[in-house]
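Note sheet for the following structure.
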Amino acid sequence: MGRVYNFSAGPAVLPEEVLKEAAEEMLDYQGTGMSVMEMSHRSKAFDGIIKDAEKDIRELMNIPDNYKVLFLQGGASQQFSAVPMNLMKNKKAAYIVTGQWAKKAYQEAQRYGEAVAVASSADKTFSYIPDCSDLDIPEDADYVYICENNTIYGTKYKTLPNTKGHTLVADVSSCFLSEPIDVTRYGVIYGGVQKNIGPAGVVIAIIREDLISDDVLEGTPTMLKWKTQADADSLYNTPPCYGIYICGKVFKWIKKMGGLEAMKALNEKKAKILYDYLDESKLFKGTVVPKDRSLMNVPFVTGDDELDKKFVAEAKAAGFENLKGHRTVGGMRASIYNAMPIEGVEKLVEFMKKFEAENA
Ligand SMILES: *Cc1c(COP(=O)(O)O)cnc(C)c1O
């Protein structure tokens with residue numbers, strides 16, 4: 001069997017070119033006679049890998065010099081704790097709750113201080129992004145927290161919230177490198193790479209330098225203090241070496257594809273194919289308010305659980321994998337990250353049209 005079209009929300013599809021290159025270098029990375037999995041993280045070869053990776057992501061995202069780029073472990077979920085531990089000087093923070101990941105971060109922050117939910121879209125099953133132009137943000141809040149692209153519900157902020165001068169912290173796990181962003185608008189940008197960049201096990205955090213200090217909550221583990229990793233250039237302890245190596249290859253692939261402007265254009269084109277069909281279909285319906293639709297995660301339903309199941313099963317048999325919606329929302333979800341080729345989306349829509357005709 002060849003490769004399928006993999007619509008998994010994460011860990012997710014990676015560029016085939018990158019996988020082939022990694023396969024070629026598996027036994028002997030550039031004449032070292034060993035795999036990247038086998039080499040010291042203090043070796044010259046790995047030093048080149050991590051420095052190159054940092055240089056390339058800085059170039060892609062146009063990251064200013066006063067931001068650190070950290071390669072961490074522990075998943076995006078560990079940053080749910082690290083964020084309050086490093087930033088809650090006043091023990092207060094504002095959270096915008098737009099889905100499960102934002103909610104988990106909000107709940108975790110409550111363990112460390114006063115986390116205030118200043119907006120939420122829970123009233124309509126997180127199918128939209130609340131108006132964040134004039135929120136009631138406590139004056140002494142240390143930061144405002146968002147999950148920028150909601151992987152499970154398929155919503156995305158099209159404009160960032162008005163933080164009223166407060167530091168913005170964003171979990172960008174599922175929209176990392178999907179389009180250009182203005183890094184200077186954020187204090188902290190972080191994400192697990194297994195959605196749109198690389199293999200599970202790496203978290204990339206881009207943090208403004210003034211937010212990195214020894215002034216963290218009492219009891220903060222050494223490993224969760226950002227300064228520990230910032231001072232050591234992400235090499236305080238053994239980093240997820242192989243994962244960082246693959247991320248580096250994906251950065252180079254994106255550069256070759258034309259960078260984030262080109263990625264955005266391609267992602268918009270792919271998403272439009274699917275959303276246009278969902279808008280005209282009599283069988284399938286998108287679940288998100290059109291203005292807040294994600295380019296990355298596209299949830300949809302037929303409105304009939306049995307038919308949803310039938311669709312997922314028949315799609316799988318036809319080579320379209322992982323279309324089942326998140327266990328908490330049901331229905332279907334197509335994640336169409338950077339590495340999903342446009343043919344994958346076109347063929348999926350063809351298949352959906354056929355299914356619609358057969359099940360009218
Ligand atoms: C997947 C995901 C997470 C959780 O990531 P882990 O690496 O499994 O901890 C957090 N936030 C968002 C937006 C996600 O998509």
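Chain labels follow the order of the structure tokens: the first chain is A, the next B, and so on; residue numbering restarts at 1 in every chain, and ligands are counted from 1 in their shown order.
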
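For range 85-164 of chain A, the set of residues given strand (DSSP E or B) by DSSP on the backbone reads A:Lys92, A:Ala93, A:Ala94, A:Tyr95, A:Ile96, A:Val97, A:Glu114, A:Ala115, A:Val116, A:Ala117, A:Val118, A:Ala119, A:Ser120, A:Val144, A:Tyr145, A:Ile146, A:Cys147, A:Asn149, A:Asn150, A:Thr155, A:Lys156.
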
Keeping all heavy atoms for every residue in the selection just given, could you write it to a file as a compact mmCIF listing (two decimals), in the first residue's frame?
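What landed in result-v3.txt:
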```
# COMPACT_ATOMS: atom_id res chain seq x y z
N LYS A 92 -2.19 37.14 38.44
CA LYS A 92 -3.49 37.32 37.78
C LYS A 92 -3.31 37.30 36.26
O LYS A 92 -2.34 37.86 35.75
CB LYS A 92 -4.12 38.65 38.21
CG LYS A 92 -5.60 38.73 37.88
CD LYS A 92 -6.20 40.03 38.31
CE LYS A 92 -6.50 40.08 39.79
NZ LYS A 92 -7.23 41.30 40.18
N ALA A 93 -4.21 36.66 35.56
CA ALA A 93 -4.11 36.64 34.11
C ALA A 93 -5.49 36.50 33.48
O ALA A 93 -6.42 35.97 34.11
CB ALA A 93 -3.23 35.48 33.66
N ALA A 94 -5.62 37.02 32.26
CA ALA A 94 -6.90 36.97 31.54
C ALA A 94 -6.85 35.88 30.48
O ALA A 94 -5.89 35.81 29.70
CB ALA A 94 -7.17 38.33 30.90
N TYR A 95 -7.85 35.03 30.46
CA TYR A 95 -7.91 33.94 29.48
C TYR A 95 -9.15 34.09 28.61
O TYR A 95 -10.24 34.39 29.10
CB TYR A 95 -7.94 32.58 30.21
CG TYR A 95 -6.56 32.12 30.60
CD1 TYR A 95 -5.89 32.71 31.66
CD2 TYR A 95 -5.91 31.11 29.89
CE1 TYR A 95 -4.60 32.31 32.01
CE2 TYR A 95 -4.63 30.69 30.23
CZ TYR A 95 -3.98 31.29 31.30
OH TYR A 95 -2.71 30.90 31.63
N ILE A 96 -8.95 33.86 27.31
CA ILE A 96 -10.08 33.84 26.39
C ILE A 96 -10.32 32.37 26.04
O ILE A 96 -9.43 31.70 25.50
CB ILE A 96 -9.80 34.70 25.15
CG1 ILE A 96 -9.51 36.15 25.58
CG2 ILE A 96 -10.99 34.64 24.18
CD1 ILE A 96 -9.06 37.07 24.47
N VAL A 97 -11.49 31.89 26.40
CA VAL A 97 -11.75 30.45 26.32
C VAL A 97 -12.52 30.13 25.04
O VAL A 97 -13.72 30.38 24.94
CB VAL A 97 -12.51 29.97 27.57
CG1 VAL A 97 -12.73 28.46 27.51
CG2 VAL A 97 -11.73 30.35 28.84
N GLU A 114 -4.93 33.83 39.99
CA GLU A 114 -6.30 34.11 39.59
C GLU A 114 -6.37 34.18 38.07
O GLU A 114 -5.84 35.13 37.46
CB GLU A 114 -6.76 35.44 40.22
CG GLU A 114 -8.25 35.66 40.08
CD GLU A 114 -8.67 37.04 40.58
OE1 GLU A 114 -7.93 37.65 41.38
OE2 GLU A 114 -9.73 37.52 40.14
N ALA A 115 -6.94 33.17 37.47
CA ALA A 115 -7.13 33.19 36.03
C ALA A 115 -8.56 33.65 35.77
O ALA A 115 -9.50 33.07 36.29
CB ALA A 115 -6.91 31.81 35.43
N VAL A 116 -8.70 34.73 35.02
CA VAL A 116 -10.03 35.30 34.78
C VAL A 116 -10.43 35.01 33.34
O VAL A 116 -9.69 35.35 32.40
CB VAL A 116 -10.00 36.84 34.99
CG1 VAL A 116 -11.39 37.43 34.85
CG2 VAL A 116 -9.38 37.19 36.33
N ALA A 117 -11.58 34.38 33.16
CA ALA A 117 -12.07 34.15 31.80
C ALA A 117 -12.75 35.43 31.34
O ALA A 117 -13.83 35.77 31.80
CB ALA A 117 -13.04 32.97 31.77
N VAL A 118 -12.11 36.18 30.45
CA VAL A 118 -12.65 37.48 30.04
C VAL A 118 -13.58 37.35 28.84
O VAL A 118 -14.31 38.29 28.52
CB VAL A 118 -11.53 38.50 29.74
CG1 VAL A 118 -10.81 38.89 31.03
CG2 VAL A 118 -10.54 37.97 28.72
N ALA A 119 -13.55 36.21 28.18
CA ALA A 119 -14.48 35.94 27.08
C ALA A 119 -14.50 34.45 26.84
O ALA A 119 -13.54 33.74 27.16
CB ALA A 119 -14.05 36.67 25.81
N SER A 120 -15.60 33.98 26.26
CA SER A 120 -15.73 32.55 25.99
C SER A 120 -16.72 32.34 24.86
O SER A 120 -17.62 33.16 24.64
CB SER A 120 -16.24 31.84 27.25
OG SER A 120 -16.70 30.54 26.93
N VAL A 144 -2.58 38.31 28.67
CA VAL A 144 -3.83 37.85 28.07
C VAL A 144 -3.50 36.61 27.25
O VAL A 144 -2.55 36.62 26.47
CB VAL A 144 -4.46 38.93 27.17
CG1 VAL A 144 -5.70 38.38 26.45
CG2 VAL A 144 -4.82 40.18 27.98
N TYR A 145 -4.26 35.56 27.46
CA TYR A 145 -3.94 34.27 26.84
C TYR A 145 -4.97 33.86 25.79
O TYR A 145 -6.18 33.93 26.04
CB TYR A 145 -3.88 33.19 27.93
CG TYR A 145 -3.51 31.82 27.43
CD1 TYR A 145 -2.21 31.34 27.58
CD2 TYR A 145 -4.44 31.01 26.78
CE1 TYR A 145 -1.84 30.08 27.10
CE2 TYR A 145 -4.08 29.76 26.30
CZ TYR A 145 -2.79 29.30 26.47
OH TYR A 145 -2.44 28.06 25.99
N ILE A 146 -4.46 33.44 24.63
CA ILE A 146 -5.38 32.89 23.61
C ILE A 146 -4.83 31.58 23.04
O ILE A 146 -3.63 31.32 23.07
CB ILE A 146 -5.60 33.86 22.41
CG1 ILE A 146 -4.28 34.14 21.67
CG2 ILE A 146 -6.27 35.14 22.85
CD1 ILE A 146 -4.45 34.84 20.33
N CYS A 147 -5.75 30.78 22.53
CA CYS A 147 -5.39 29.66 21.67
C CYS A 147 -5.76 30.15 20.26
O CYS A 147 -6.95 30.30 19.96
CB CYS A 147 -6.18 28.41 22.05
SG CYS A 147 -5.82 27.02 20.96
N ASN A 149 -5.52 29.15 17.06
CA ASN A 149 -6.28 28.29 16.14
C ASN A 149 -6.79 27.10 16.94
O ASN A 149 -6.00 26.37 17.55
CB ASN A 149 -5.38 27.81 15.00
CG ASN A 149 -6.14 26.99 13.96
OD1 ASN A 149 -6.82 27.54 13.10
ND2 ASN A 149 -6.05 25.68 14.05
N ASN A 150 -8.10 26.94 16.96
CA ASN A 150 -8.69 25.91 17.80
C ASN A 150 -8.85 24.61 17.02
O ASN A 150 -9.81 24.42 16.27
CB ASN A 150 -10.00 26.44 18.38
CG ASN A 150 -9.73 27.61 19.31
OD1 ASN A 150 -9.36 27.43 20.46
ND2 ASN A 150 -9.85 28.83 18.78
N THR A 155 -11.84 26.89 14.65
CA THR A 155 -11.94 28.36 14.58
C THR A 155 -10.55 28.97 14.67
O THR A 155 -9.64 28.38 15.22
CB THR A 155 -12.79 28.93 15.73
OG1 THR A 155 -12.20 28.55 16.97
CG2 THR A 155 -14.22 28.43 15.66
N LYS A 156 -10.46 30.20 14.16
CA LYS A 156 -9.17 30.89 14.17
C LYS A 156 -9.40 32.39 14.36
O LYS A 156 -10.32 32.95 13.76
CB LYS A 156 -8.47 30.62 12.82
CG LYS A 156 -7.37 31.59 12.43
CD LYS A 156 -6.02 31.05 12.84
CE LYS A 156 -4.93 32.09 12.93
NZ LYS A 156 -4.64 32.90 11.79
```

Contacts with ligand 1 at most 7 Å, only C-alpha atoms and all ligand atoms counted, listed as a list in words: Gly10, Gly74, Gly75, Ala76, Ser77, Gln78, Trp101, Cys147, Asn149, Asn150, Thr151, Asp171, Val172, Ser173, Ser174, Gly191, Gly192, Lys195 and Ala200 of chain A

If you keep N, CA and C atoms, can you produce a file of those selected residues as a PDB file, in the first residue's frame?
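See result01.pdb below for the written result:
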```pdb
ATOM      1  N   GLY A  10      -3.241  15.627  14.373  1.00  0.00           N
ATOM      2  CA  GLY A  10      -1.918  15.628  14.972  1.00  0.00           C
ATOM      3  C   GLY A  10      -1.706  14.445  15.883  1.00  0.00           C
ATOM      4  N   GLY A  74       7.855  18.275  26.538  1.00  0.00           N
ATOM      5  CA  GLY A  74       6.702  18.321  27.448  1.00  0.00           C
ATOM      6  C   GLY A  74       5.387  18.638  26.759  1.00  0.00           C
ATOM      7  N   GLY A  75       5.426  18.815  25.460  1.00  0.00           N
ATOM      8  CA  GLY A  75       4.183  19.091  24.744  1.00  0.00           C
ATOM      9  C   GLY A  75       3.684  20.499  24.997  1.00  0.00           C
ATOM     10  N   ALA A  76       2.732  20.899  24.180  1.00  0.00           N
ATOM     11  CA  ALA A  76       2.116  22.214  24.394  1.00  0.00           C
ATOM     12  C   ALA A  76       1.496  22.254  25.786  1.00  0.00           C
ATOM     13  N   SER A  77       0.993  21.120  26.228  1.00  0.00           N
ATOM     14  CA  SER A  77       0.294  21.065  27.522  1.00  0.00           C
ATOM     15  C   SER A  77       1.190  21.488  28.685  1.00  0.00           C
ATOM     16  N   GLN A  78       2.476  21.204  28.593  1.00  0.00           N
ATOM     17  CA  GLN A  78       3.337  21.597  29.701  1.00  0.00           C
ATOM     18  C   GLN A  78       3.467  23.127  29.792  1.00  0.00           C
ATOM     19  N   TRP A 101      -8.486  23.369  24.349  1.00  0.00           N
ATOM     20  CA  TRP A 101      -7.088  23.639  24.690  1.00  0.00           C
ATOM     21  C   TRP A 101      -6.975  24.930  25.479  1.00  0.00           C
ATOM     22  N   CYS A 147      -5.748  30.782  22.528  1.00  0.00           N
ATOM     23  CA  CYS A 147      -5.387  29.662  21.665  1.00  0.00           C
ATOM     24  C   CYS A 147      -5.763  30.146  20.264  1.00  0.00           C
ATOM     25  N   ASN A 149      -5.518  29.148  17.065  1.00  0.00           N
ATOM     26  CA  ASN A 149      -6.280  28.286  16.138  1.00  0.00           C
ATOM     27  C   ASN A 149      -6.794  27.095  16.939  1.00  0.00           C
ATOM     28  N   ASN A 150      -8.097  26.936  16.955  1.00  0.00           N
ATOM     29  CA  ASN A 150      -8.690  25.911  17.796  1.00  0.00           C
ATOM     30  C   ASN A 150      -8.851  24.611  17.017  1.00  0.00           C
ATOM     31  N   THR A 151      -7.895  23.760  17.231  1.00  0.00           N
ATOM     32  CA  THR A 151      -7.716  22.511  16.497  1.00  0.00           C
ATOM     33  C   THR A 151      -8.983  21.644  16.480  1.00  0.00           C
ATOM     34  N   ASP A 171      -1.038  30.200  22.121  1.00  0.00           N
ATOM     35  CA  ASP A 171      -0.778  28.813  21.744  1.00  0.00           C
ATOM     36  C   ASP A 171      -1.105  28.716  20.256  1.00  0.00           C
ATOM     37  N   VAL A 172      -0.078  28.506  19.451  1.00  0.00           N
ATOM     38  CA  VAL A 172      -0.282  28.459  17.995  1.00  0.00           C
ATOM     39  C   VAL A 172      -0.035  27.054  17.434  1.00  0.00           C
ATOM     40  N   SER A 173      -0.170  26.058  18.315  1.00  0.00           N
ATOM     41  CA  SER A 173       0.166  24.680  17.905  1.00  0.00           C
ATOM     42  C   SER A 173      -0.331  24.312  16.513  1.00  0.00           C
ATOM     43  N   SER A 174      -1.607  24.599  16.242  1.00  0.00           N
ATOM     44  CA  SER A 174      -2.168  24.094  14.992  1.00  0.00           C
ATOM     45  C   SER A 174      -2.187  25.132  13.860  1.00  0.00           C
ATOM     46  N   GLY A 191       4.055  26.471  20.578  1.00  0.00           N
ATOM     47  CA  GLY A 191       3.217  25.414  20.030  1.00  0.00           C
ATOM     48  C   GLY A 191       3.942  24.085  19.999  1.00  0.00           C
ATOM     49  N   GLY A 192       3.176  23.036  20.131  1.00  0.00           N
ATOM     50  CA  GLY A 192       3.695  21.694  19.886  1.00  0.00           C
ATOM     51  C   GLY A 192       3.861  21.576  18.375  1.00  0.00           C
ATOM     52  N   LYS A 195       1.573  19.267  14.956  1.00  0.00           N
ATOM     53  CA  LYS A 195       0.437  19.587  14.103  1.00  0.00           C
ATOM     54  C   LYS A 195       0.921  20.024  12.726  1.00  0.00           C
ATOM     55  N   ALA A 200       6.023  14.646  17.018  1.00  0.00           N
ATOM     56  CA  ALA A 200       5.696  14.934  18.414  1.00  0.00           C
ATOM     57  C   ALA A 200       6.951  14.889  19.263  1.00  0.00           C
TER      58      ALA A 200
END
```

Members of range 85-304 of chain A assigned helix (DSSP H, G or I) by DSSP, as an NGL selection string: :A and (85-87 or 100-109 or 122-124 or 183-185 or 209-211 or 222-224 or 226-231 or 241-257 or 259-280 or 290-292)

Shell of 7 Å around Asn322 in chain A, only C-alpha atoms, local chain residues under 5 positions omitted, as a list in words: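 Residues meeting the cut-off are Asn6, Phe7 and Ser8 of chain A.
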
Would you put the residues from that selection into a file with N, CA and C atoms, as a compact mmCIF listing (two decimals), in the first residue's frame?
```txt
# COMPACT_ATOMS: atom_id res chain seq x y z
N ASN A 6 -3.61 11.82 4.56
CA ASN A 6 -3.75 11.77 6.01
C ASN A 6 -4.27 13.10 6.55
N PHE A 7 -5.53 13.09 6.99
CA PHE A 7 -6.16 14.31 7.49
C PHE A 7 -6.11 14.41 9.01
N SER A 8 -5.18 13.71 9.62
CA SER A 8 -5.06 13.71 11.08
C SER A 8 -4.80 15.12 11.62
```

Selection: 12 Å around Glu358 in chain A, only C-alpha atoms, excl. self and same-chain fewer than 6 positions, as JSON, numbers by chain: {"A": [283, 307, 310, 311, 314, 351, 352]}

Output the selection as a short mmCIF file (atom, residue, chain, number, x, y, z; two decimals), in the first residue's frame - all heavy atoms for each residue.
```
data_model
loop_
_atom_site.label_atom_id
_atom_site.label_comp_id
_atom_site.auth_asym_id
_atom_site.auth_seq_id
_atom_site.Cartn_x
_atom_site.Cartn_y
_atom_site.Cartn_z
N LEU A 283 -25.79 17.86 1.84
CA LEU A 283 -25.59 16.80 2.83
C LEU A 283 -24.64 17.21 3.95
O LEU A 283 -24.94 17.02 5.12
CB LEU A 283 -25.02 15.55 2.13
CG LEU A 283 -24.78 14.33 3.03
CD1 LEU A 283 -26.11 13.81 3.58
CD2 LEU A 283 -24.06 13.23 2.27
N LEU A 307 -24.78 8.25 9.39
CA LEU A 307 -24.25 8.65 8.08
C LEU A 307 -22.80 9.16 8.23
O LEU A 307 -21.94 8.88 7.38
CB LEU A 307 -25.14 9.73 7.48
CG LEU A 307 -25.23 9.82 5.95
CD1 LEU A 307 -25.52 8.47 5.33
CD2 LEU A 307 -26.27 10.85 5.54
N LYS A 310 -20.67 6.13 8.46
CA LYS A 310 -20.57 5.50 7.14
C LYS A 310 -19.57 6.26 6.28
O LYS A 310 -18.73 5.67 5.61
CB LYS A 310 -21.96 5.50 6.49
CG LYS A 310 -22.04 4.75 5.19
CD LYS A 310 -23.49 4.67 4.68
CE LYS A 310 -23.54 3.94 3.36
NZ LYS A 310 -24.43 4.59 2.38
N PHE A 311 -19.67 7.58 6.34
CA PHE A 311 -18.76 8.40 5.54
C PHE A 311 -17.30 8.16 5.95
O PHE A 311 -16.44 7.93 5.10
CB PHE A 311 -19.08 9.89 5.68
CG PHE A 311 -18.08 10.77 4.98
CD1 PHE A 311 -18.11 10.91 3.60
CD2 PHE A 311 -17.06 11.40 5.69
CE1 PHE A 311 -17.14 11.67 2.93
CE2 PHE A 311 -16.10 12.17 5.04
CZ PHE A 311 -16.14 12.30 3.65
N GLU A 314 -16.15 4.72 4.73
CA GLU A 314 -15.97 4.63 3.27
C GLU A 314 -14.79 5.49 2.81
O GLU A 314 -14.06 5.12 1.89
CB GLU A 314 -17.26 5.03 2.54
CG GLU A 314 -18.34 3.96 2.70
CD GLU A 314 -19.62 4.27 1.92
OE1 GLU A 314 -19.62 5.16 1.04
OE2 GLU A 314 -20.64 3.60 2.22
N PHE A 351 -14.59 12.89 -3.59
CA PHE A 351 -15.14 11.75 -2.87
C PHE A 351 -16.41 12.13 -2.11
O PHE A 351 -17.40 11.39 -2.08
CB PHE A 351 -14.09 11.18 -1.90
CG PHE A 351 -14.60 10.01 -1.11
CD1 PHE A 351 -14.63 8.74 -1.67
CD2 PHE A 351 -15.08 10.18 0.18
CE1 PHE A 351 -15.13 7.66 -0.94
CE2 PHE A 351 -15.58 9.11 0.90
CZ PHE A 351 -15.60 7.85 0.35
N MET A 352 -16.41 13.31 -1.51
CA MET A 352 -17.59 13.78 -0.76
C MET A 352 -18.77 13.98 -1.70
O MET A 352 -19.92 13.66 -1.36
CB MET A 352 -17.26 15.08 -0.02
CG MET A 352 -16.32 14.87 1.16
SD MET A 352 -15.68 16.42 1.84
CE MET A 352 -17.09 17.00 2.80
#
```

Near-Ala105 in chain A list (8 Å; only C-alpha atoms; drop same-chain fewer than 3 positions) as an MDAnalysis selection string: chainID A and resid 77 80:81 101:102 108:109

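Remark: for Leu295 in chain A, the closest of the candidate residues A:Thr328, A:Ser335, A:Gln107, A:Thr98 is A:Ser335 (distances computed over only C-alpha atoms).
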
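The spacing separating CA of Gln194 in chain A from CA of Gly243 in chain A amounts to 9.4 Å.
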